[in-house]
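The structure appears below as C-alpha cells.
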2 protein chains.
Amino acid sequence: MTGQIEVVFQPSGRRRMADPGENVLDVARSIGVDLASVCGGKGTCGKCRVAVISGGEKLNELTEYELKKMTDRDIKKDYRFACQILVPTDAPLDAKSGHKRLVLKIPEESKTGEQRLQTEGRDVPIEINPIVKKYYFEVKKATLHDLVSDELRMLAELEKKYGLKDLVLTIEAAYQLPAAIRGAKTEDDMWTATAVVWNDQEIIAIEPGDTKDQFYGFAVDIGSTKVAGFLLDLNTGEVKSLAAIMNPQIPYGEDIMSRITFTIQRGEEAQEILHKVIVEGVNEICQKACDQAGINPELIYDWSLVGNTAMSHLFLKVLAKYVALAPYPPAVSRGINVRLKDFGMLGHPNAKAYFSSCIGGFVGADNVAVVLASDLGVSDELILALDIGTNTEIDLGSKELGAMCCSTASGPAFEGMQIAHGMRAATGAIERISVDPFTQEVDYKTIGDAPPVGICGSALVEAPSEFLKAGIMNFKGKIDKELLGKHKHVKQGEKGLEFIIAFKEEAGIDTDIWISQNDIRQLQLAKAAMHTGCSVLLHRMNVTEEDLDAIVVAGAFGNFIQPEAARTVGMYPETPLEKIRLVGNAAGTGARMNLVSRESRQRSENIPVIVKYHELAIDPMFLTEYANSMLFPYSDLSRYPETSELLLKAGRITEDQYNKFMEEREKRALVFDSRVDTQIAYEKGEKKD
Amino acid sequence: MTGQIEVVFQPSGRRRMADPGENVLDVARSIGVDLASVCGGKGTCGKCRVAVISGGEKLNELTEYELKKMTDRDIKKDYRFACQILVPTDAPLDAKSGHKRLVLKIPEESKTGEQRLQTEGRDVPIEINPIVKKYYFEVKKATLHDLVSDELRMLAELEKKYGLKDLVLTIEAAYQLPAAIRGAKTEDDMWTATAVVWNDQEIIAIEPGDTKDQFYGFAVDIGSTKVAGFLLDLNTGEVKSLAAIMNPQIPYGEDIMSRITFTIQRGEEAQEILHKVIVEGVNEICQKACDQAGINPELIYDWSLVGNTAMSHLFLKVLAKYVALAPYPPAVSRGINVRLKDFGMLGHPNAKAYFSSCIGGFVGADNVAVVLASDLGVSDELILALDIGTNTEIDLGSKELGAMCCSTASGPAFEGMQIAHGMRAATGAIERISVDPFTQEVDYKTIGDAPPVGICGSALVEAPSEFLKAGIMNFKGKIDKELLGKHKHVKQGEKGLEFIIAFKEEAGIDTDIWISQNDIRQLQLAKAAMHTGCSVLLHRMNVTEEDLDAIVVAGAFGNFIQPEAARTVGMYPETPLEKIRLVGNAAGTGARMNLVSRESRQRSENIPVIVKYHELAIDPMFLTEYANSMLFPYSDLSRYPETSELLLKAGRITEDQYNKFMEEREKRALVFDSRVDTQIAYEKGEKKD
C-alpha cells in the first residue's frame with residue numbers, strides 16, 4: 001500500500017488513495033465525484049474529460065479515443081478522458097499531506113446537469129448590505145426634566161450611534177413606537193428597542209429589545225413557466241431554504257402573449273386575476289420556504305423580485321397591453337417598491353417588495369438580473385451573456401465599450417415543448433447522448449440511471465452535435481436518407497426520418513424513444529435565432545468572437561446544455577470552452593443580490609441606462625445572418641476553428657477544406673482590423689466619406 | 001350740499017358724504033360700518049373708538065366722556081369716540097376725488113366679534129407653493145425606433161421642462177400611466193398628460209391631458225371641541241368654502257383627559273373608535289365644503305391638519321396613553337404624512353394628509369400653527385403669542401432671542417362652560433358690557449341686537465374689567481357686599497353675590513341674566529394661569545413686557561375678547577393696545593399655510609426645534625407668580641401704567657398711589673437693566689459668582 005497515489009478531484013476536493021493502474025473514472029465514481037460518462041468507460045463518448053492540474057508526469061500516453069475526440073487546444077490544456085487514464089506508478093510528493101498526489105479538475109462541461117442545478121441555491125458572493133436594516137438602540141426614559149417625544153429621543157440616538165439623519169417615521173412605525181421603546185429595559189433602566197429602517201430613510205418598524213438576529217428576506221424569480229423563491233438571512237446573505245412552483249398564470253395562457261391577450265380581451269378583471277394568482281403563487285413558495293426553514297414569515301422584512309417585462313407588469317397589475325402591441329414599450333421600466341400589505345404579500349406588515357428594473361418590452365428585470373450577476377458592463381472583460389428560455393435575451397458589453405442587448409424568439413424547443421419525446425430533467429430523462437463518429441454506435445445516460453422515458457434539453461442539443469460529427473445529419477440539419485435500412489437507429493416516421501436513441505426494449509415506456517427530423521428543425525430555428533442575436537450585437541459593437549473574454553450562459557436550461565455540444569451546433573459564436581461560464585438561474589442570483597445589497601440595487605437601476613436595447617427586427621443584417629445561422633454550426637466554418645478540427649478528425653471535412661477555412665480566418669482578421677481602424681478614423685474625424 | 005364732507009372709514013373703505021354736524025357714529029351705522037357701541041351713543045361705554053387719520057383739524061374738542069375713559073396715550077394717538085364727534089364744517093380737499101375728506105380708522109378692538117370671526121376664512125398671505133404640484137407635459141409617442149418605456153418618456157420630459165429629477169413613480173401612478181399618457185393627444189399627435197407630484201419626489205398620479213385647473217386641498221384644525229375645515233384652491237390659495245362641526249369624540253369624553261382615560265381603560269378598541277369618529281368627522285366637513293363649492297372630493301390632492309397633541313395622537317391612532325401620564329411625552333412629535341386611503345379619508349385616492357409637528361405633550365400642532373402664522377421666532381419682532389382655549393399655549397420669542405413656550409390650564413371658562421349664563425357667540429348672546437364708572441349704569445349689546453339669552457366669552461372678560469373700573473368688585477375680584485340693596489343689579493344668589501346684566505323683562509329667556517361671584521372666580525383662575533405663563537416666559541427669556549413688539553392673541557375665543565378688557569383684567573402683561581394682534585383661528589391659518597406652502601411646512605418642522613418647551617410646574621417662580629396674577633389686573637399695578645391711569649380717572653386709585661406706581665416702574669427698569677447686564681457679563685465669563 002505504500003505505493004499508493006492520492007487522487008484529488010477539484011473543485012469538490014473529494015479524494016482517495018488509489019493503487020497504480022486503477023482506472024481514474026472508477027476512482028471518481030467510487031467516491032461519488034460528479035463526472036459525466038455516457039459510453040460507460042469505453043472511450044467513445046468523450047464526456048468524462050478532466051484537466052490534469054498536477055502529478056500527471058507519469059500518466060499513460062493519450063489513447064486513440066482521446067486523439068480522435070479532442071482538439072489540439074484541449075490536448076494542450078492537459079485534458080484527458082478519465083476513462084482512458086490509469087493511476088500512475090509515481091507522482092510528486094505533497095509536502096503537507098505526505099502523499100504522492102495526482103490532482104485533476106472536473107470542468108463544468110463534464111458535470112451532469114443535476115449537479116449544476118444546485119448552483120441555484122448558492123450564496124451570493126457580494127458584500128451584505130441590504131436596503132433594509134435593523135438598528136438596535138438604547139435611550140434614557142422620559143422624565144419631567146427631559147420631556148422630549150419618544151420619536152426625537154429615538155432619532156437622536158440613531159443619529160448619534162449610527163449617523164442616521166432625516167429619517168422619516170412611517171405611521172405604521174409610529175403605532176409601534178411608544179409601546180416598543182417601553183417594552184424592554186436594560187439593567188440600568190434604559191429603554192431599548194430595534195428600529196427597522198428602509199434605505200436609511202424610512203423607519204418602517206420598531207421592535208422592543210434587540211431583534212437584530214431575526215432578519216430575513218425573500219427573493220423571487222418569476223418565470224413565465226416556473227417561479228422560484230429563496231429565503232435569505234439578511235444578516236449573512238445565507239440561503240435558508242428555497243421553493244418553486246409552476247407559474248399559476250399558466251391556466252390563463254401558456255405563454256406571455258396569450259396571457260396578455262387574455263388581459264386585452266377581458267380588461268381590468270383579467271389583470272386583477274393574473275395579479276392575484278401570481279401573488280398567491282409567490283406567497284405559497286414564501287410560506288413553503290419559511291416552513292422548511294422554521295421561520296415566521298413576519299420576520300421577512302424585504303422582498304426582491306425579478307421577471308420578464310410581461311411578468312413584472314402582470315405582477316404589479318400595471319396595464320400590460322402595450323407590451324404586446326407594436327412597438328411594445330413597457331409602461332414602467334425602473335425598479336419599483338410596493339408595500340407588502342398593499343399587495344397582500346407575506347412578510348412583515350410594514351415591509352416592502354422591490355421589483356427590479358427592465359430594459360424594454362422583451363428585455364426584462366430577469367435580464368437585468370443576469371447582467372447584474374455576470375458583472376457585464378462593469379467588468380473590464382468583454383462578456384456575451386445569453387439567458388436561454390422561450391425567449392433568449394442576449395447582452396454584450398464591457399466597462400470600456402458599454403453594452404447592448406437584444407431579445408430573440410428562441411421558441412419553446414429548449415423547454416422540451418413540440419419535441420416528440422421531450423421531457424423535463426427528471427429521473428429517466430436521457431440527459432447525455434453519444435454517437436461514435438466512426439462506428440456510429442449510440443450511447444446515452446439517463447438521470448438517476450433509470451430506464452429511459454424521454455429526452456431532456458441537454459440531450460436535445462447534444463444529439464445534433466453528435467449527429468453532425470458522426471455524419472448522421474448534414475450541415476443543413478438533414479438526417480441522411482442513405483442510412484435508412486443501413487443504420488438500425490434510423491427509421492421512417494410519420495413526418496420524416498427519426499433517429500432512435502433508446503429502443504422500446506430498454507426503455508421505461510412502451511415505445512422507442514427517438515429524435516425526429518422535426519425536433520432537429522425546432523432546435524435549428526432556436527439556435528439560429530440565438531446565434532443571429534449574438535452575431536448582430538458583435539457586429540454592431542465592432543468586436544468579434546475572438547475579442548470575447550467570456551460567454552455567460554444563464555437560465556435553468558442553459559445550465560444543462562453541454563458547452564461543447566452548444567458550440568458544435570453553433571448555438572453561439574465559437575470561443576474556447578474555458579471561456580464559457582454556466583451560471584444557472586442568474587436571474588435568481590440577481591434577485592438575491594438585489595435583496596442583500598443596496599449597491600446591487602443601484603446597479604440594477606443603472607443597467608437599463610448602460611445597456612442599450614437593439615431591435616433585431618429592424619437591423620438590416622438580420623435576415624442574412626439568420627439564414628447563415630441556420631446551418632450547423634454556421635454557414636462559414638472558418639468562424640468555428642475547433643469545431644472544424646473535430647469535424648476534420650471525424651472525417652466530415654477534408655484536410656483541404658480545413659486548411660482553406662483557416663486561411664480565410666486569418667484574412668478576415670486582417671480585414672476586420674482594417675474596418676475597425678477605418679471606423680475609428682471616421683469617429684475621430686480623421687477620414688471623410 | 002356743497003358744504004358736505006366725505007367721511008371715509010378704514011380699513012373697509014366705506015364712505016359717504018355727510019353734512020357738518022352729523023354724528024359720526026350715526027354716519028358709520030348708516031352705511032353698515034362694523035363699529036361696536038354698547039351704550040347706544042351716550043358716551044358712557046367708550047367702545048366706539050376710532051382713530052383720526054386725516055381731516056380732523058376742525059373736529060369738536062374732546063368731551064368729558066372721552067377724557068374720563070381714555071388714557072393719555074390714546075388721546076395722543078388721536079383716538080376719539082365716534083359717538084362724541086360730529087362731522088366738521090371743513091376738511092382738507094382730496095385732490096383725486098375733489099371732496100373735502102375726514103378719514104377715520106376703526107381699530108380691531110372697536111369691531112364687533114362677528115366681524116372679527118370672519119377672518120377665519122381669510123386667504124393666507126404667503127407665496128403659493130404647495131408640496132403637491134401638477135405638471136403638464138407632452139411626449140412623442142413610442143415607435144419601433146423609439147422604444148423607451150412610458151415611464152422614462154415621461155421622466156425625461158418632466159426633467160427637461162421642469163427640472164424634476166430622481167422622481168419616484170408610485171405603484172398607484174404606474175397603474176394610471178399607460179392609459180393616461182395615451183388618453184389625450186395634441187394636434188401634432190403628441191401624447192399629453194399631467195403628473196401629480198408630491199414634494200418634487202413622488203409621482204402620485206398621472207391624468208390624461210391638462211388637469212392643472214382642477215387642484216384643491218383641504219386644511220383642518222381639529223380642536224377638542226370644534227373641528228373646522230377649509231377647502232382651498234391649490235393654484236391660488238383661495239378659500240373656496242369652509243365647514244365646521246363639533247368634535248365627534250365628545251361623546252367619549254368632554255375633555256382631552258377623559259378621552260385618553262377612555263383609551264387607557266378600553267385599550268386599542270377605544271383608540272380605534274376615537275380614530276374612526278374623528279376621521280368620519282373630518283370627512284363630513286370635507287364633503288360639506290366640497291358640496292358647498294361644487295367640487296368633486298377626488299380633486300383634493302392634499303390635506304393639512306393641525307390639532308393639539310392628544311388630538312393628533314388620537315387622529316393618527318398612535319398610542320395616546322403616555323400623553324396623559326407624567327411626564328407626558330408625546331410618542332410622535334414631528335410632522336407625519338399618511339395616505340388618505342390608509343385612513344379612509346376623502347380626496348384623491350393616491351393623495352396624502354400631513355399632520356403637523358408638535359412641541360410637547362401640551363403644546364401641539366395647533367400651537368406650532370399659531371407660531372407659524374404669527375411669524376414668531378423668525379421675525380425680528382419680539383412676539384408673545386397666546387392661543388386661548390381650555391388650555392392656553394403661550395409662546396415668546398424673536399429671531400434674535402430664540403423662543404420658548406409653555407402651556408397653562410386656563411380651564412373651560414373661556415368656552416362658556418361652568419359659567420351661570422355662559423353661551424357661545426350666537427344671536428342673543430350678550431357680547432359687550434359697559435358699566436359707567438361714575439353712575440354704575442349698565443349697558444350691553446347682543447349679537448344681532450336680539451333680546452339677550454346668555455353671555456358669551458367676550459362679555460365674560462369685559463364684565464370684570466368694567467366691574468373693576470366702576471368699583472363693583474375689588475382688586476381681589478370680590479363683588480362689593482355693600483352694593484347689596486343699594487345697586488339694583490346686585491343680588492344674593494344661592495352661591496354668593498350675583499350681578500345682573502339683563503333683567504328678565506328685557507331678556508329673551510324667562511329669567512334674569514347675571515354674572516356670579518363664581519363666574520368671576522372661574523375667569524380669575526383662567527386669567528391668572530395665562531398671566532403666570534406669560535410672566536414666567538418673559539422672566540426666563542430676560543425680557544419685560546416693555547420689550548414686546550406684539551402680543552398675538554389667537555383662538556376663536558381670543559378673537560372675541562376686547563383687548564382693552566383683557567388688559568384691564570390682567571389676562572396678559574400690559575402693552576399699548578396697538579401692539580395687540582387678534583388673529584382669530586391662527587391654528588386654522590397655520591393649517592392653510594401648511595397646505596399651500598412647502599416653505600411653511602418646513603418652518604412647521606423647524607418650530608419644535610426653535611421653540612423650547614418650558615415646564616411651568618417645575619419652575620420655582622410659578623407659585624408666587626400665580627398668586628400675584630390672581631389679582632385684577634396684577635399684584636403690582638406699576639406693571640399696568642395705562643390701566644392704572646384709567647383706574648385713577650375712574651377714582652379707584654388715588655393720585656398718590658398712581659405716582660408711587662410710576663416711580664416704582666422707573667426704578668424697576670433700572671434694576672432690570674442691571675440684572676440683564678450682570679447676566680450677560682456672566683455668560684461672557686467677565687464676571688464670576
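All residue names refer to the C-alpha cells as shown: chains lettered A, B, ... in order, residues numbered from 1 in each chain, ligands numbered from 1 in order.
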Tell me which protein, DNA and RNA residues are within 10 Å of range 278-280 of chain A, counting only C-alpha atoms, leaving out same-chain ones fewer than 2 positions away, and put them as a count of residues only. 23
Quiz prompt | Surrounding residues of Arg601 in chain B excluding itself and chain neighbours under 2 positions, 12 Å, only C-alpha atoms, as a PyMOL selection string | solution = chain B and resi 129-132+199+304-306+334-337+354-357+365+368-369+372-373+590-599+603-607
For C-alpha atoms, I'd like the residues from the last selection saved as a PDB file, in the first residue's frame.
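File produced: again-v4.pdb:
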ATOM      1  CA  ASN B 129     -46.087  76.768  -3.390  1.00  0.00           C
ATOM      2  CA  PRO B 130     -47.863  73.627  -2.255  1.00  0.00           C
ATOM      3  CA  ILE B 131     -45.947  70.450  -1.566  1.00  0.00           C
ATOM      4  CA  VAL B 132     -48.066  68.671  -4.144  1.00  0.00           C
ATOM      5  CA  ASN B 199     -42.685  67.082  -2.705  1.00  0.00           C
ATOM      6  CA  SER B 304     -53.099  69.570   6.090  1.00  0.00           C
ATOM      7  CA  LEU B 305     -54.157  69.004   9.670  1.00  0.00           C
ATOM      8  CA  VAL B 306     -53.348  70.570  13.000  1.00  0.00           C
ATOM      9  CA  ARG B 334     -42.565  65.636  14.011  1.00  0.00           C
ATOM     10  CA  GLY B 335     -44.998  66.097  11.182  1.00  0.00           C
ATOM     11  CA  ILE B 336     -46.184  62.925   9.546  1.00  0.00           C
ATOM     12  CA  ASN B 337     -47.668  62.093   6.176  1.00  0.00           C
ATOM     13  CA  TYR B 354     -49.945  65.921   6.547  1.00  0.00           C
ATOM     14  CA  PHE B 355     -50.439  66.241  10.274  1.00  0.00           C
ATOM     15  CA  SER B 356     -48.140  68.977  11.524  1.00  0.00           C
ATOM     16  CA  SER B 357     -45.467  68.660  14.172  1.00  0.00           C
ATOM     17  CA  ALA B 365     -49.508  71.103  16.251  1.00  0.00           C
ATOM     18  CA  VAL B 368     -46.992  75.197  16.007  1.00  0.00           C
ATOM     19  CA  ALA B 369     -49.508  76.575  13.534  1.00  0.00           C
ATOM     20  CA  LEU B 372     -46.096  79.726  12.099  1.00  0.00           C
ATOM     21  CA  ALA B 373     -48.959  82.090  11.334  1.00  0.00           C
ATOM     22  CA  GLY B 590     -51.326  77.717  10.019  1.00  0.00           C
ATOM     23  CA  ALA B 591     -53.046  74.605   8.684  1.00  0.00           C
ATOM     24  CA  ARG B 592     -53.898  76.505   5.491  1.00  0.00           C
ATOM     25  CA  MET B 593     -50.350  77.807   5.213  1.00  0.00           C
ATOM     26  CA  ASN B 594     -49.045  74.250   5.528  1.00  0.00           C
ATOM     27  CA  LEU B 595     -51.451  73.248   2.793  1.00  0.00           C
ATOM     28  CA  VAL B 596     -50.391  75.792   0.215  1.00  0.00           C
ATOM     29  CA  SER B 597     -46.744  76.336   1.073  1.00  0.00           C
ATOM     30  CA  ARG B 598     -43.940  73.852   1.388  1.00  0.00           C
ATOM     31  CA  GLU B 599     -41.845  76.570   2.998  1.00  0.00           C
ATOM     32  CA  ARG B 603     -40.953  76.016   9.069  1.00  0.00           C
ATOM     33  CA  SER B 604     -43.538  73.924  10.909  1.00  0.00           C
ATOM     34  CA  GLU B 605     -40.993  71.133  11.136  1.00  0.00           C
ATOM     35  CA  ASN B 606     -38.391  73.531  12.419  1.00  0.00           C
ATOM     36  CA  ILE B 607     -40.563  75.289  15.012  1.00  0.00           C
TER      37      ILE B 607
END
Practice problem: For chain A, list the residues within 6 Å of chain B, counting only C-alpha atoms, and write the list as a count of residues only. | Solution: 15
inquiry  = Residues of range 254-399 of chain B classed as strand (DSSP E) by DSSP on the backbone are to be reported as a count of residues only.
reply    = 28
So that I can check the surroundings of Ile31 in chain A, please list as a PDB file with all heavy atoms, in the first residue's frame every protein, DNA and RNA residue that reaches within 12 Å of it, counting only C-alpha atoms and ignoring chain neighbours fewer than 4 positions away.
ATOM      1  N   VAL A   7      -5.486  10.525  -5.285  1.00  0.00           N
ATOM      2  CA  VAL A   7      -6.125  11.187  -6.429  1.00  0.00           C
ATOM      3  C   VAL A   7      -7.121  12.219  -5.888  1.00  0.00           C
ATOM      4  O   VAL A   7      -8.028  11.869  -5.114  1.00  0.00           O
ATOM      5  CB  VAL A   7      -6.845  10.178  -7.353  1.00  0.00           C
ATOM      6  CG1 VAL A   7      -7.375  10.871  -8.599  1.00  0.00           C
ATOM      7  CG2 VAL A   7      -5.889   9.047  -7.733  1.00  0.00           C
ATOM      8  N   VAL A   8      -6.886  13.477  -6.261  1.00  0.00           N
ATOM      9  CA  VAL A   8      -7.736  14.564  -5.749  1.00  0.00           C
ATOM     10  C   VAL A   8      -8.540  15.166  -6.904  1.00  0.00           C
ATOM     11  O   VAL A   8      -7.972  15.486  -7.947  1.00  0.00           O
ATOM     12  CB  VAL A   8      -6.886  15.675  -5.102  1.00  0.00           C
ATOM     13  CG1 VAL A   8      -7.782  16.804  -4.575  1.00  0.00           C
ATOM     14  CG2 VAL A   8      -6.023  15.105  -3.986  1.00  0.00           C
ATOM     15  N   PHE A   9      -9.855  15.261  -6.727  1.00  0.00           N
ATOM     16  CA  PHE A   9     -10.702  15.875  -7.759  1.00  0.00           C
ATOM     17  C   PHE A   9     -11.117  17.292  -7.317  1.00  0.00           C
ATOM     18  O   PHE A   9     -11.752  17.457  -6.284  1.00  0.00           O
ATOM     19  CB  PHE A   9     -11.942  15.015  -8.013  1.00  0.00           C
ATOM     20  CG  PHE A   9     -11.616  13.662  -8.570  1.00  0.00           C
ATOM     21  CD1 PHE A   9     -11.418  12.567  -7.722  1.00  0.00           C
ATOM     22  CD2 PHE A   9     -11.480  13.472  -9.953  1.00  0.00           C
ATOM     23  CE1 PHE A   9     -11.105  11.313  -8.235  1.00  0.00           C
ATOM     24  CE2 PHE A   9     -11.163  12.208 -10.460  1.00  0.00           C
ATOM     25  CZ  PHE A   9     -10.970  11.131  -9.602  1.00  0.00           C
ATOM     26  N   SER A  12     -14.413  19.957  -6.070  1.00  0.00           N
ATOM     27  CA  SER A  12     -15.085  19.474  -4.858  1.00  0.00           C
ATOM     28  C   SER A  12     -14.072  19.110  -3.777  1.00  0.00           C
ATOM     29  O   SER A  12     -14.379  19.157  -2.599  1.00  0.00           O
ATOM     30  CB  SER A  12     -15.946  18.251  -5.188  1.00  0.00           C
ATOM     31  OG  SER A  12     -15.110  17.132  -5.461  1.00  0.00           O
ATOM     32  N   GLY A  13     -12.877  18.739  -4.190  1.00  0.00           N
ATOM     33  CA  GLY A  13     -11.860  18.373  -3.216  1.00  0.00           C
ATOM     34  C   GLY A  13     -11.975  16.922  -2.746  1.00  0.00           C
ATOM     35  O   GLY A  13     -11.243  16.471  -1.878  1.00  0.00           O
ATOM     36  N   ARG A  14     -12.902  16.153  -3.349  1.00  0.00           N
ATOM     37  CA  ARG A  14     -13.017  14.736  -2.964  1.00  0.00           C
ATOM     38  C   ARG A  14     -11.727  14.015  -3.361  1.00  0.00           C
ATOM     39  O   ARG A  14     -11.119  14.326  -4.378  1.00  0.00           O
ATOM     40  CB  ARG A  14     -14.206  14.094  -3.671  1.00  0.00           C
ATOM     41  CG  ARG A  14     -15.503  14.748  -3.231  1.00  0.00           C
ATOM     42  CD  ARG A  14     -16.684  13.866  -3.510  1.00  0.00           C
ATOM     43  NE  ARG A  14     -17.869  14.566  -3.029  1.00  0.00           N
ATOM     44  CZ  ARG A  14     -19.066  14.019  -2.956  1.00  0.00           C
ATOM     45  NH1 ARG A  14     -19.240  12.764  -3.344  1.00  0.00           N
ATOM     46  NH2 ARG A  14     -20.083  14.696  -2.507  1.00  0.00           N
ATOM     47  N   ARG A  15     -11.336  13.002  -2.571  1.00  0.00           N
ATOM     48  CA  ARG A  15     -10.042  12.350  -2.810  1.00  0.00           C
ATOM     49  C   ARG A  15     -10.036  10.947  -2.204  1.00  0.00           C
ATOM     50  O   ARG A  15     -10.818  10.652  -1.309  1.00  0.00           O
ATOM     51  CB  ARG A  15      -8.929  13.184  -2.163  1.00  0.00           C
ATOM     52  CG  ARG A  15      -9.038  13.274  -0.644  1.00  0.00           C
ATOM     53  CD  ARG A  15      -8.140  14.354  -0.094  1.00  0.00           C
ATOM     54  NE  ARG A  15      -8.604  15.659  -0.520  1.00  0.00           N
ATOM     55  CZ  ARG A  15      -7.852  16.773  -0.500  1.00  0.00           C
ATOM     56  NH1 ARG A  15      -6.608  16.724  -0.107  1.00  0.00           N
ATOM     57  NH2 ARG A  15      -8.355  17.936  -0.890  1.00  0.00           N
ATOM     58  N   ARG A  16      -9.183  10.099  -2.749  1.00  0.00           N
ATOM     59  CA  ARG A  16      -8.869   8.840  -2.044  1.00  0.00           C
ATOM     60  C   ARG A  16      -7.509   8.319  -2.502  1.00  0.00           C
ATOM     61  O   ARG A  16      -7.003   8.690  -3.556  1.00  0.00           O
ATOM     62  CB  ARG A  16      -9.983   7.809  -2.222  1.00  0.00           C
ATOM     63  CG  ARG A  16      -9.983   6.978  -3.473  1.00  0.00           C
ATOM     64  CD  ARG A  16     -10.769   5.657  -3.152  1.00  0.00           C
ATOM     65  NE  ARG A  16     -11.255   4.985  -4.336  1.00  0.00           N
ATOM     66  CZ  ARG A  16     -10.513   4.116  -5.064  1.00  0.00           C
ATOM     67  NH1 ARG A  16      -9.236   3.897  -4.767  1.00  0.00           N
ATOM     68  NH2 ARG A  16     -11.062   3.504  -6.108  1.00  0.00           N
ATOM     69  N   MET A  17      -6.945   7.440  -1.677  1.00  0.00           N
ATOM     70  CA  MET A  17      -5.705   6.785  -2.034  1.00  0.00           C
ATOM     71  C   MET A  17      -6.060   5.690  -3.033  1.00  0.00           C
ATOM     72  O   MET A  17      -7.043   4.960  -2.854  1.00  0.00           O
ATOM     73  CB  MET A  17      -5.041   6.154  -0.795  1.00  0.00           C
ATOM     74  CG  MET A  17      -4.714   7.138   0.333  1.00  0.00           C
ATOM     75  SD  MET A  17      -3.693   8.538  -0.178  1.00  0.00           S
ATOM     76  CE  MET A  17      -2.141   7.692  -0.531  1.00  0.00           C
ATOM     77  N   ALA A  18      -5.270   5.611  -4.105  1.00  0.00           N
ATOM     78  CA  ALA A  18      -5.594   4.626  -5.143  1.00  0.00           C
ATOM     79  C   ALA A  18      -4.323   3.874  -5.545  1.00  0.00           C
ATOM     80  O   ALA A  18      -3.214   4.414  -5.462  1.00  0.00           O
ATOM     81  CB  ALA A  18      -6.208   5.331  -6.350  1.00  0.00           C
ATOM     82  N   VAL A  24      -9.121   5.827 -13.569  1.00  0.00           N
ATOM     83  CA  VAL A  24      -9.445   7.074 -12.868  1.00  0.00           C
ATOM     84  C   VAL A  24     -10.957   7.324 -12.826  1.00  0.00           C
ATOM     85  O   VAL A  24     -11.483   7.830 -11.826  1.00  0.00           O
ATOM     86  CB  VAL A  24      -8.672   8.264 -13.489  1.00  0.00           C
ATOM     87  CG1 VAL A  24      -9.207   9.597 -12.976  1.00  0.00           C
ATOM     88  CG2 VAL A  24      -7.180   8.137 -13.186  1.00  0.00           C
ATOM     89  N   LEU A  25     -11.692   6.961 -13.885  1.00  0.00           N
ATOM     90  CA  LEU A  25     -13.157   7.121 -13.863  1.00  0.00           C
ATOM     91  C   LEU A  25     -13.744   6.267 -12.733  1.00  0.00           C
ATOM     92  O   LEU A  25     -14.639   6.725 -12.005  1.00  0.00           O
ATOM     93  CB  LEU A  25     -13.763   6.712 -15.217  1.00  0.00           C
ATOM     94  CG  LEU A  25     -15.296   6.788 -15.331  1.00  0.00           C
ATOM     95  CD1 LEU A  25     -15.807   8.221 -15.103  1.00  0.00           C
ATOM     96  CD2 LEU A  25     -15.759   6.280 -16.694  1.00  0.00           C
ATOM     97  N   ASP A  26     -13.186   5.041 -12.568  1.00  0.00           N
ATOM     98  CA  ASP A  26     -13.675   4.185 -11.484  1.00  0.00           C
ATOM     99  C   ASP A  26     -13.388   4.800 -10.119  1.00  0.00           C
ATOM    100  O   ASP A  26     -14.222   4.748  -9.216  1.00  0.00           O
ATOM    101  CB  ASP A  26     -12.999   2.803 -11.570  1.00  0.00           C
ATOM    102  CG  ASP A  26     -13.453   2.015 -12.798  1.00  0.00           C
ATOM    103  OD1 ASP A  26     -14.520   2.376 -13.353  1.00  0.00           O
ATOM    104  OD2 ASP A  26     -12.738   1.075 -13.204  1.00  0.00           O
ATOM    105  N   VAL A  27     -12.177   5.395 -10.014  1.00  0.00           N
ATOM    106  CA  VAL A  27     -11.837   6.053  -8.745  1.00  0.00           C
ATOM    107  C   VAL A  27     -12.855   7.157  -8.450  1.00  0.00           C
ATOM    108  O   VAL A  27     -13.386   7.264  -7.342  1.00  0.00           O
ATOM    109  CB  VAL A  27     -10.408   6.635  -8.784  1.00  0.00           C
ATOM    110  CG1 VAL A  27     -10.124   7.472  -7.517  1.00  0.00           C
ATOM    111  CG2 VAL A  27      -9.368   5.531  -8.938  1.00  0.00           C
ATOM    112  N   LEU A  35     -19.157  13.201 -12.419  1.00  0.00           N
ATOM    113  CA  LEU A  35     -18.408  13.205 -13.670  1.00  0.00           C
ATOM    114  C   LEU A  35     -19.240  12.445 -14.698  1.00  0.00           C
ATOM    115  O   LEU A  35     -19.597  11.282 -14.492  1.00  0.00           O
ATOM    116  CB  LEU A  35     -17.045  12.521 -13.427  1.00  0.00           C
ATOM    117  CG  LEU A  35     -16.070  12.432 -14.587  1.00  0.00           C
ATOM    118  CD1 LEU A  35     -15.782  13.812 -15.180  1.00  0.00           C
ATOM    119  CD2 LEU A  35     -14.753  11.803 -14.100  1.00  0.00           C
TER     120      LEU A  35
END
Worksheet item: What is the CA of Ala420 in chain A-CA of Trp514 in chain A distance in Å, reported with one decimal?
Response: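 So the answer is 7.4 Å.
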Q | Nearest to Pro437 in chain B by atom-to-atom distance, counting only C-alpha atoms, from B:Glu505, B:Glu202, B:Glu466, B:Asp189 | A |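 Once distances to Pro437 in chain B are computed over only C-alpha atoms, the minimum belongs to B:Glu466.
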query: Could you pull the residues within 9 Å of Ala586 in chain A, counting only C-alpha atoms, minus those fewer than 6 positions along the same chain, as a VMD selection string?
result: chain A and resid 120 366 to 367 369 to 374 387 553 to 556
